[in-house]
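Trainee: Dropping the structure in here first, questions after.
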Amino acid sequence: MSGRSEIEIRNVEPEEFITLGISSYAFGKSPAKRDLEQARKRIKYFEHSQGLAVFEDGQPQTSCAVHTMSENVRGKVFPMGGIGGVATFPQARRKGHVRKMMTRSFELMHEQGMPVSSLYPFRDSFYERLGYAEFARNRFATLKPEHLTALLRASLPGEVEQLGIADCFD
């Protein structure tokens, strides 16, 4: 036996993705309490997505999702792969798993005709090494509430309804 780990990068279906536990560990409350029933309620969020995961010796270590989206770039709409939920268990960090998984996600997006990819990084410099660049800067406007009083008197058409993210998918 050489002592080398067997690394597998593969697509994972939504049901498997939620059972991996990597995202709940990385983005959930600490300590992470895995609630599969709650996760299943959000599974609609992954209907237009492809999950990817890195397995080391058969154990899940790193995961992400490529969401099928579109992006308007200077007036032209392009198919886009929205990268989300990039996460790694602590014991798997600094082994190159994220780089390998992201490389596979780029291949997947290319195969699906997505020339644009976007993500919201935890740290810009981490993803710059993978070819990402800051595209749009946040802009902030500060104004006094009394300047909006004219809008309260205006008769504006339409209505507003608050929905959960899972309700926004067909």
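Residues in the structure tokens are numbered from 1 in each chain, the chains being A, B, ... in the order shown, and ligands are numbered from 1 in the order shown.
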Would you tabulate, counting only C-alpha atoms, all residues of stretch 79-106 of chain A that have an atom at most 7 Å from an atom of stretch 9-25 of chain A, showing the closest pair of atoms and their distance in Å to one decimal, sorted by chain then ascending number, as CSV?

Mentor:
```
residue,atom,partner,partner_atom,distance
A:Gly85,CA,A:Ser23,CA,6.3
A:Ala87,CA,A:Ser23,CA,5.9
A:Thr88,CA,A:Ile22,CA,6.4
A:Phe89,CA,A:Ile22,CA,6.3
A:Met101,CA,A:Ile9,CA,6.6
```

Trainee: Go ahead and dump the residues you just picked, N, CA and C atoms, as a PDB file, in the first residue's frame.

Mentor:
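See selection.pdb below for the written result:
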```
ATOM      1  N   GLY A  85     -22.111  27.596  -2.286  1.00  0.00           N
ATOM      2  CA  GLY A  85     -21.888  26.591  -1.253  1.00  0.00           C
ATOM      3  C   GLY A  85     -20.551  25.894  -1.303  1.00  0.00           C
ATOM      4  N   ALA A  87     -17.536  24.500   0.046  1.00  0.00           N
ATOM      5  CA  ALA A  87     -17.228  24.198   1.444  1.00  0.00           C
ATOM      6  C   ALA A  87     -16.319  22.977   1.542  1.00  0.00           C
ATOM      7  N   THR A  88     -15.488  22.977   2.567  1.00  0.00           N
ATOM      8  CA  THR A  88     -14.552  21.886   2.829  1.00  0.00           C
ATOM      9  C   THR A  88     -14.516  21.605   4.321  1.00  0.00           C
ATOM     10  N   PHE A  89     -14.506  20.338   4.672  1.00  0.00           N
ATOM     11  CA  PHE A  89     -14.312  19.992   6.073  1.00  0.00           C
ATOM     12  C   PHE A  89     -12.900  20.411   6.487  1.00  0.00           C
ATOM     13  N   MET A 101     -12.043  20.616  -7.600  1.00  0.00           N
ATOM     14  CA  MET A 101     -13.495  20.665  -7.764  1.00  0.00           C
ATOM     15  C   MET A 101     -13.904  21.856  -8.634  1.00  0.00           C
TER      16      MET A 101
END
```

Trainee: If you run DSSP over the backbone, which residues in stretch 40-152 of chain A end up strand (DSSP E or B)? Put them as a compact mmCIF listing (two decimals) with N, CA and C atoms, in the first residue's frame.

Mentor:
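Once everything was written out, this is selection.txt:
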```txt
# COMPACT_ATOMS: atom_id res chain seq x y z
N SER A 49 -29.71 22.92 -10.50
CA SER A 49 -28.32 22.98 -10.09
C SER A 49 -27.66 21.62 -10.25
N GLN A 50 -26.35 21.66 -10.29
CA GLN A 50 -25.57 20.42 -10.30
C GLN A 50 -24.63 20.45 -9.11
N GLY A 51 -24.77 19.48 -8.24
CA GLY A 51 -23.86 19.37 -7.10
C GLY A 51 -22.59 18.64 -7.51
N LEU A 52 -21.49 19.07 -6.94
CA LEU A 52 -20.21 18.40 -7.14
C LEU A 52 -19.61 18.13 -5.77
N ALA A 53 -18.86 17.04 -5.67
CA ALA A 53 -18.20 16.75 -4.40
C ALA A 53 -16.89 16.03 -4.66
N VAL A 54 -15.96 16.27 -3.75
CA VAL A 54 -14.68 15.56 -3.75
C VAL A 54 -14.75 14.54 -2.62
N PHE A 55 -14.43 13.31 -2.96
CA PHE A 55 -14.39 12.23 -1.98
C PHE A 55 -12.94 11.76 -1.85
N GLU A 56 -12.49 11.61 -0.62
CA GLU A 56 -11.15 11.10 -0.36
C GLU A 56 -11.33 9.77 0.36
N GLN A 59 -14.85 9.10 1.40
CA GLN A 59 -15.50 10.01 2.35
C GLN A 59 -15.63 11.41 1.75
N PRO A 60 -16.83 12.03 1.84
CA PRO A 60 -16.99 13.38 1.29
C PRO A 60 -16.13 14.39 2.05
N GLN A 61 -15.46 15.26 1.31
CA GLN A 61 -14.56 16.25 1.91
C GLN A 61 -14.89 17.68 1.51
N THR A 62 -15.28 17.86 0.25
CA THR A 62 -15.48 19.20 -0.32
C THR A 62 -16.70 19.15 -1.23
N SER A 63 -17.47 20.23 -1.25
CA SER A 63 -18.64 20.25 -2.14
C SER A 63 -18.94 21.66 -2.61
N CYS A 64 -19.69 21.74 -3.70
CA CYS A 64 -20.20 23.01 -4.20
C CYS A 64 -21.39 22.70 -5.10
N ALA A 65 -22.09 23.73 -5.51
CA ALA A 65 -23.20 23.58 -6.45
C ALA A 65 -23.01 24.58 -7.59
N VAL A 66 -23.33 24.15 -8.79
CA VAL A 66 -23.33 25.02 -9.96
C VAL A 66 -24.80 25.26 -10.31
N HIS A 67 -25.25 26.48 -10.11
CA HIS A 67 -26.65 26.84 -10.35
C HIS A 67 -26.80 27.39 -11.77
N THR A 68 -27.77 26.88 -12.51
CA THR A 68 -28.05 27.36 -13.86
C THR A 68 -28.75 28.71 -13.76
N MET A 69 -28.08 29.74 -14.26
CA MET A 69 -28.59 31.10 -14.16
C MET A 69 -28.30 31.84 -15.46
N SER A 70 -28.57 33.12 -15.49
CA SER A 70 -28.19 33.97 -16.62
C SER A 70 -27.69 35.28 -16.05
N GLU A 71 -26.85 35.95 -16.83
CA GLU A 71 -26.30 37.23 -16.38
C GLU A 71 -26.31 38.21 -17.54
N ASN A 72 -26.73 39.43 -17.25
CA ASN A 72 -26.75 40.49 -18.23
C ASN A 72 -25.41 41.21 -18.17
N VAL A 73 -24.64 41.09 -19.24
CA VAL A 73 -23.34 41.75 -19.32
C VAL A 73 -23.41 42.78 -20.44
N LYS A 76 -26.30 42.29 -22.94
CA LYS A 76 -26.47 40.97 -23.57
C LYS A 76 -26.57 39.92 -22.47
N VAL A 77 -27.57 39.04 -22.58
CA VAL A 77 -27.80 38.02 -21.56
C VAL A 77 -27.07 36.74 -21.96
N PHE A 78 -26.27 36.23 -21.03
CA PHE A 78 -25.49 35.01 -21.23
C PHE A 78 -25.91 33.94 -20.23
N PRO A 79 -25.86 32.66 -20.64
CA PRO A 79 -26.02 31.60 -19.66
C PRO A 79 -24.87 31.69 -18.65
N MET A 80 -25.18 31.46 -17.40
CA MET A 80 -24.16 31.62 -16.36
C MET A 80 -24.24 30.46 -15.38
N GLY A 81 -23.09 30.05 -14.91
CA GLY A 81 -23.01 29.09 -13.82
C GLY A 81 -22.77 29.85 -12.54
N GLY A 82 -23.74 29.85 -11.66
CA GLY A 82 -23.58 30.50 -10.36
C GLY A 82 -23.03 29.49 -9.37
N ILE A 83 -21.82 29.72 -8.91
CA ILE A 83 -21.17 28.81 -7.97
C ILE A 83 -21.63 29.15 -6.56
N GLY A 84 -22.07 28.16 -5.84
CA GLY A 84 -22.52 28.40 -4.48
C GLY A 84 -22.13 27.27 -3.55
N GLY A 85 -22.11 27.60 -2.29
CA GLY A 85 -21.89 26.59 -1.25
C GLY A 85 -20.55 25.89 -1.30
N VAL A 86 -19.50 26.58 -1.75
CA VAL A 86 -18.18 25.96 -1.76
C VAL A 86 -17.76 25.75 -0.31
N ALA A 87 -17.54 24.50 0.05
CA ALA A 87 -17.23 24.20 1.44
C ALA A 87 -16.32 22.98 1.54
N THR A 88 -15.49 22.98 2.57
CA THR A 88 -14.55 21.89 2.83
C THR A 88 -14.52 21.61 4.32
N VAL A 116 -20.09 32.25 -18.76
CA VAL A 116 -19.88 33.14 -17.63
C VAL A 116 -20.10 32.37 -16.34
N SER A 117 -19.26 32.66 -15.36
CA SER A 117 -19.41 32.07 -14.04
C SER A 117 -19.32 33.18 -13.01
N SER A 118 -20.05 33.02 -11.93
CA SER A 118 -20.05 34.05 -10.90
C SER A 118 -20.16 33.39 -9.54
```

Trainee: Using only C-alpha atoms, pick whichever of A:Asp57, A:Lys144, A:Leu152, A:His110 has the shortest atom-to-atom distance to A:Glu6.

Mentor: A:Asp57
